[in-house]
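Asks: Quick one: this structure, given as structure tokens, is what I'll be asking you about.
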Amino acid sequence: HDPEEVARMCYTPLGNTGMELSSVGFGASPLGNPYTAEAPSDAEGQACVLKALKSGINYIDTAPWYGQGKSEEKLGKILEDIPRSSYYIGTKVGRYEKDVEGMFDFSAERVTRSVDESLSRLGLRCVDIIQVHDVEFAENIEIILNETLPALQKIKEAGKARFIGITGYPIGTLREIVERSTVKIDSVLSYCHLDLNDSSLLDHIAFFEQKGIGVISASPLSMALLTSFGPPDWHPASDEVKASCRNAAQYCQDHGVDIAKLAIHFSFSQAKVATVLVGMDRPSFLERNLDVVHNKLSETEEKVLQEIQKEFFPPGVSRTWEGVEVA
Ligand code: NAD
């Protein structure tokens, strides 16, 4: 870590874990699953991770699902010579291959095997957080409660993970699992709900806080909806939601402003969560995102932000979606 950069970064406790996470978290999904047709090179990916750590980012999020092991494998190589004490890392279980039966498998047997596979790809003996990936896709919640979480408890007892988390899109499902689980849940990861177009996570933070559970928010760009290049084909948002984001992006462009910058600023200025995970597979994204978190917006950008909120994302309109992202 660069001490000057670290001094500019904010660190917030993640629930009762004792870990303090950097406000910007490193989302490693695009290392395995790029959003754009032209995939970043391995050198670019490596430069991003190393620069992120130097800049005081201390949390990395990955999963076996991201590029079917590629994200974890790349991280394993990149982190090989980095002291283990200089970062926290979370991975996941439950979501694996594309478009096949067994894409989701929350059984105790598969989950247990998955953790060993992840540790081997990452070249680590222990991850900081092991999370159930996208709980809403289990055939029912009972399997998460009766098989997956107890299996993760054993993994924790075996010293292969320090904390247990759950991730998913519908916040109601995350809450139900938290209410009913007999296994202690340390963190929840919610995505696309602390964004310019949908900030519904704000209504649920007190619930998780009261239970001592740390909250991680992901995808401040709403999985590329809030970028000038737009979302990938598999994006599950409705045509209506996609259209309002596209129109907002065009409005920004017409005013010489980058919508991604406004979206990053919006998510980060909501605070309240331990970390916001941004996918950063290019050094230029990392630089731009750190710049806006540290230096905020110009007057013109503030003005355009207010205009697009009023025009394209008025309050009281639900912009959540149903469906599964498949990339
Ligand atoms: P995102 O909204 O953070 O970003 C989308 C993509 O936009 C990025 O991957 C990157 O390619 C690009 N980008 C980043 N900064 C940019 C900038 N300044 N300008 C233009 N483009 C920029 O979405 P994401 O990457 O899907 O989410 C962040 C991370 O959160 C993921 O990498 C993953 O680690 C995690 N995540 C987890 C879950 C889950 O567990 N269920 C779900 C979603 C995301």
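Residues are referred to by chain and number: the chain letter is A, B, ... according to the order shown in the structure tokens, the number counts from 1 in that chain, and ligands are numbered separately from 1 in the order shown.
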Which residues sit within 6 Å of ligand 1, counting only C-alpha atoms and all ligand atoms, listed as number ranges by chain?

Replies: A: 27-30, 35, 61-62, 133-134, 167-168, 191, 218-224, 227, 260-261, 277-281, 285, 288-289

Asks: Write the selection just made, keeping N, CA and C atoms, as a PDB file, in the first residue's frame?

Replies:
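Below is the file that was written, part-v5.pdb:
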ATOM      1  N   GLY A  27     -14.022  -5.384  -7.447  1.00  0.00           N
ATOM      2  CA  GLY A  27     -14.859  -6.437  -8.021  1.00  0.00           C
ATOM      3  C   GLY A  27     -14.079  -7.144  -9.106  1.00  0.00           C
ATOM      4  N   ALA A  28     -13.809  -8.444  -8.905  1.00  0.00           N
ATOM      5  CA  ALA A  28     -12.940  -9.150  -9.855  1.00  0.00           C
ATOM      6  C   ALA A  28     -13.727  -9.961 -10.883  1.00  0.00           C
ATOM      7  N   SER A  29     -15.049  -9.735 -10.988  1.00  0.00           N
ATOM      8  CA  SER A  29     -15.787 -10.531 -11.982  1.00  0.00           C
ATOM      9  C   SER A  29     -15.315 -10.256 -13.406  1.00  0.00           C
ATOM     10  N   PRO A  30     -15.049  -8.989 -13.798  1.00  0.00           N
ATOM     11  CA  PRO A  30     -14.646  -8.806 -15.198  1.00  0.00           C
ATOM     12  C   PRO A  30     -13.267  -9.375 -15.532  1.00  0.00           C
ATOM     13  N   TYR A  35     -17.018  -7.270 -19.651  1.00  0.00           N
ATOM     14  CA  TYR A  35     -18.275  -6.659 -20.080  1.00  0.00           C
ATOM     15  C   TYR A  35     -18.234  -6.238 -21.540  1.00  0.00           C
ATOM     16  N   ASP A  61     -13.346  -9.109  -4.330  1.00  0.00           N
ATOM     17  CA  ASP A  61     -14.482 -10.031  -4.419  1.00  0.00           C
ATOM     18  C   ASP A  61     -14.358 -10.875  -5.683  1.00  0.00           C
ATOM     19  N   THR A  62     -14.456 -12.202  -5.517  1.00  0.00           N
ATOM     20  CA  THR A  62     -14.424 -13.078  -6.687  1.00  0.00           C
ATOM     21  C   THR A  62     -15.408 -14.227  -6.492  1.00  0.00           C
ATOM     22  N   HIS A 133     -23.590 -17.874  -3.259  1.00  0.00           N
ATOM     23  CA  HIS A 133     -23.728 -17.014  -4.444  1.00  0.00           C
ATOM     24  C   HIS A 133     -25.165 -17.029  -4.978  1.00  0.00           C
ATOM     25  N   ASP A 134     -25.818 -15.886  -4.940  1.00  0.00           N
ATOM     26  CA  ASP A 134     -27.154 -15.730  -5.536  1.00  0.00           C
ATOM     27  C   ASP A 134     -28.172 -16.733  -4.994  1.00  0.00           C
ATOM     28  N   THR A 167     -25.154 -13.766  -0.756  1.00  0.00           N
ATOM     29  CA  THR A 167     -25.277 -12.726  -1.783  1.00  0.00           C
ATOM     30  C   THR A 167     -26.539 -12.986  -2.607  1.00  0.00           C
ATOM     31  N   GLY A 168     -27.062 -11.922  -3.221  1.00  0.00           N
ATOM     32  CA  GLY A 168     -28.220 -12.106  -4.092  1.00  0.00           C
ATOM     33  C   GLY A 168     -28.848 -10.787  -4.485  1.00  0.00           C
ATOM     34  N   TYR A 191     -26.614  -6.367  -4.755  1.00  0.00           N
ATOM     35  CA  TYR A 191     -26.077  -5.657  -5.919  1.00  0.00           C
ATOM     36  C   TYR A 191     -27.175  -4.932  -6.697  1.00  0.00           C
ATOM     37  N   ALA A 218     -22.755  -3.981  -4.305  1.00  0.00           N
ATOM     38  CA  ALA A 218     -21.984  -4.190  -5.539  1.00  0.00           C
ATOM     39  C   ALA A 218     -22.667  -3.546  -6.730  1.00  0.00           C
ATOM     40  N   SER A 219     -21.891  -3.311  -7.752  1.00  0.00           N
ATOM     41  CA  SER A 219     -22.362  -2.855  -9.072  1.00  0.00           C
ATOM     42  C   SER A 219     -22.946  -1.446  -9.082  1.00  0.00           C
ATOM     43  N   PRO A 220     -22.156  -0.442  -8.722  1.00  0.00           N
ATOM     44  CA  PRO A 220     -22.662   0.935  -8.763  1.00  0.00           C
ATOM     45  C   PRO A 220     -23.009   1.407 -10.169  1.00  0.00           C
ATOM     46  N   LEU A 221     -22.493   0.688 -11.181  1.00  0.00           N
ATOM     47  CA  LEU A 221     -22.852   1.053 -12.558  1.00  0.00           C
ATOM     48  C   LEU A 221     -23.994   0.169 -13.051  1.00  0.00           C
ATOM     49  N   SER A 222     -24.640  -0.515 -12.101  1.00  0.00           N
ATOM     50  CA  SER A 222     -25.784  -1.371 -12.419  1.00  0.00           C
ATOM     51  C   SER A 222     -25.440  -2.374 -13.518  1.00  0.00           C
ATOM     52  N   MET A 223     -24.264  -2.983 -13.375  1.00  0.00           N
ATOM     53  CA  MET A 223     -23.751  -3.959 -14.342  1.00  0.00           C
ATOM     54  C   MET A 223     -23.752  -3.351 -15.751  1.00  0.00           C
ATOM     55  N   ALA A 224     -23.165  -2.160 -15.804  1.00  0.00           N
ATOM     56  CA  ALA A 224     -22.913  -1.432 -17.066  1.00  0.00           C
ATOM     57  C   ALA A 224     -24.146  -0.732 -17.662  1.00  0.00           C
ATOM     58  N   THR A 227     -23.391   3.198 -18.029  1.00  0.00           N
ATOM     59  CA  THR A 227     -22.140   3.545 -18.722  1.00  0.00           C
ATOM     60  C   THR A 227     -22.512   4.031 -20.125  1.00  0.00           C
ATOM     61  N   ALA A 260     -20.998   7.362 -16.013  1.00  0.00           N
ATOM     62  CA  ALA A 260     -20.369   6.449 -15.050  1.00  0.00           C
ATOM     63  C   ALA A 260     -19.828   7.232 -13.856  1.00  0.00           C
ATOM     64  N   LYS A 261     -19.289   8.404 -14.138  1.00  0.00           N
ATOM     65  CA  LYS A 261     -18.731   9.219 -13.046  1.00  0.00           C
ATOM     66  C   LYS A 261     -19.839   9.627 -12.074  1.00  0.00           C
ATOM     67  N   LEU A 277     -18.480  -2.480  -4.168  1.00  0.00           N
ATOM     68  CA  LEU A 277     -17.632  -3.206  -5.112  1.00  0.00           C
ATOM     69  C   LEU A 277     -17.847  -2.705  -6.524  1.00  0.00           C
ATOM     70  N   VAL A 278     -16.774  -2.291  -7.166  1.00  0.00           N
ATOM     71  CA  VAL A 278     -16.850  -1.877  -8.567  1.00  0.00           C
ATOM     72  C   VAL A 278     -15.994  -2.833  -9.381  1.00  0.00           C
ATOM     73  N   GLY A 279     -16.528  -3.240 -10.525  1.00  0.00           N
ATOM     74  CA  GLY A 279     -15.747  -4.081 -11.424  1.00  0.00           C
ATOM     75  C   GLY A 279     -14.693  -3.204 -12.087  1.00  0.00           C
ATOM     76  N   MET A 280     -13.416  -3.608 -11.958  1.00  0.00           N
ATOM     77  CA  MET A 280     -12.381  -2.749 -12.549  1.00  0.00           C
ATOM     78  C   MET A 280     -11.347  -3.612 -13.252  1.00  0.00           C
ATOM     79  N   ASP A 281     -11.535  -3.730 -14.549  1.00  0.00           N
ATOM     80  CA  ASP A 281     -10.635  -4.570 -15.322  1.00  0.00           C
ATOM     81  C   ASP A 281      -9.682  -3.754 -16.176  1.00  0.00           C
ATOM     82  N   PHE A 285     -10.286   2.696 -15.638  1.00  0.00           N
ATOM     83  CA  PHE A 285     -11.507   2.680 -14.816  1.00  0.00           C
ATOM     84  C   PHE A 285     -11.139   2.922 -13.355  1.00  0.00           C
ATOM     85  N   ARG A 288     -10.207   6.550 -12.792  1.00  0.00           N
ATOM     86  CA  ARG A 288     -11.380   7.445 -12.835  1.00  0.00           C
ATOM     87  C   ARG A 288     -12.248   7.260 -11.599  1.00  0.00           C
ATOM     88  N   ASN A 289     -12.410   6.017 -11.160  1.00  0.00           N
ATOM     89  CA  ASN A 289     -13.291   5.774 -10.017  1.00  0.00           C
ATOM     90  C   ASN A 289     -12.679   6.303  -8.716  1.00  0.00           C
TER      91      ASN A 289
END

Asks: Just want the 6 Å neighbourhood of region 210-214 of chain A, counted on only C-alpha atoms, with same-chain residues fewer than 5 positions away dropped. Output as a PyMOL selection string.

Replies: chain A and resi 14-16+186-187

Asks: What does the distance between CA of Leu124 (chain A) and CA of Ile164 (chain A) come to in Å, to one decimal place?

Replies: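 Rounded to one decimal, the two atoms are 17.0 Å apart.
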
Asks: Excluding Ala161 (chain A) and any residue of its chain fewer than 2 positions from it, enumerate the residues within 12 Å of it, using only C-alpha atoms, and give them as a ChimeraX atom specification.

Replies: /A:88-92,112,115-116,118-119,124-131,151-159,163-165,186

Asks: May I have the selected residues written with C-alpha atoms, as a short mmCIF file (atom, residue, chain, number, x, y, z; two decimals), in the first residue's frame?

Replies:
data_model
loop_
_atom_site.label_atom_id
_atom_site.label_comp_id
_atom_site.auth_asym_id
_atom_site.auth_seq_id
_atom_site.Cartn_x
_atom_site.Cartn_y
_atom_site.Cartn_z
CA TYR A 88 -9.03 -9.36 2.42
CA ILE A 89 -10.65 -11.63 -0.13
CA GLY A 90 -14.10 -13.12 -0.47
CA THR A 91 -15.22 -15.87 -2.82
CA LYS A 92 -18.45 -17.81 -3.24
CA THR A 112 -17.50 -28.34 0.22
CA VAL A 115 -14.20 -24.27 -1.54
CA ASP A 116 -11.20 -26.57 -2.04
CA SER A 118 -11.35 -22.05 -5.09
CA LEU A 119 -8.51 -22.21 -2.56
CA LEU A 124 -4.56 -19.68 -0.56
CA ARG A 125 -5.16 -21.69 2.59
CA CYS A 126 -8.04 -19.52 3.79
CA VAL A 127 -10.38 -16.85 2.42
CA ASP A 128 -11.76 -14.09 4.60
CA ILE A 129 -15.39 -14.49 3.52
CA ILE A 130 -17.08 -17.50 1.95
CA GLN A 131 -20.45 -16.53 0.51
CA ALA A 151 -21.51 -26.89 5.15
CA LEU A 152 -19.94 -23.42 5.23
CA GLN A 153 -19.94 -23.56 9.03
CA LYS A 154 -17.82 -26.73 8.84
CA ILE A 155 -15.53 -25.02 6.33
CA LYS A 156 -15.12 -22.15 8.78
CA GLU A 157 -14.37 -24.59 11.61
CA ALA A 158 -11.77 -26.26 9.38
CA GLY A 159 -10.02 -22.88 9.05
CA PHE A 163 -16.55 -15.51 7.92
CA ILE A 164 -19.78 -16.55 6.22
CA GLY A 165 -21.86 -14.39 3.88
CA ASP A 186 -21.52 -12.28 9.05
#

Asks: For region 247-256 of chain A, work out the shell of residues within 9 Å, counting only C-alpha atoms and skipping chain neighbours fewer than 2 positions away, then give it as an NGL selection string.

Replies: :A and (225-230 or 242-245 or 258-260 or 300-301 or 304-305 or 308-309 or 311-313)

Asks: Would you list, as number ranges by chain, the residues of region 58-147 of chain A that end up in helix (DSSP H, G or I) under DSSP run on this structure's backbone?

Replies: A: 70-79, 84-86, 108-122, 135-137, 141-147

Asks: Can you tell me, as JSON, numbers by chain, what residues are no more than 7 Å from Gly25 (chain A) when counting only C-alpha atoms, ignoring any on the same chain fewer than 4 positions away?

Replies: {"A": [57, 59, 60, 275, 276, 277, 278]}

Asks: Save out the residues we just selected, N, CA and C atoms, as a PDB file, in the first residue's frame.

Replies:
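Listed below is the output, result04.pdb:
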ATOM      1  N   ILE A  57      -7.102   0.074  -1.576  1.00  0.00           N
ATOM      2  CA  ILE A  57      -8.235  -0.873  -1.661  1.00  0.00           C
ATOM      3  C   ILE A  57      -7.779  -2.160  -0.982  1.00  0.00           C
ATOM      4  N   TYR A  59     -10.135  -4.876  -0.203  1.00  0.00           N
ATOM      5  CA  TYR A  59     -11.073  -5.994  -0.306  1.00  0.00           C
ATOM      6  C   TYR A  59     -11.271  -6.394  -1.771  1.00  0.00           C
ATOM      7  N   ILE A  60     -11.148  -7.683  -2.022  1.00  0.00           N
ATOM      8  CA  ILE A  60     -11.293  -8.238  -3.374  1.00  0.00           C
ATOM      9  C   ILE A  60     -12.435  -9.248  -3.356  1.00  0.00           C
ATOM     10  N   THR A 275     -18.453  -1.448   2.116  1.00  0.00           N
ATOM     11  CA  THR A 275     -17.686  -1.234   0.890  1.00  0.00           C
ATOM     12  C   THR A 275     -18.627  -1.292  -0.306  1.00  0.00           C
ATOM     13  N   VAL A 276     -18.265  -0.586  -1.366  1.00  0.00           N
ATOM     14  CA  VAL A 276     -19.004  -0.682  -2.633  1.00  0.00           C
ATOM     15  C   VAL A 276     -18.057  -1.337  -3.634  1.00  0.00           C
ATOM     16  N   LEU A 277     -18.480  -2.480  -4.168  1.00  0.00           N
ATOM     17  CA  LEU A 277     -17.632  -3.206  -5.112  1.00  0.00           C
ATOM     18  C   LEU A 277     -17.847  -2.705  -6.524  1.00  0.00           C
ATOM     19  N   VAL A 278     -16.774  -2.291  -7.166  1.00  0.00           N
ATOM     20  CA  VAL A 278     -16.850  -1.877  -8.567  1.00  0.00           C
ATOM     21  C   VAL A 278     -15.994  -2.833  -9.381  1.00  0.00           C
TER      22      VAL A 278
END
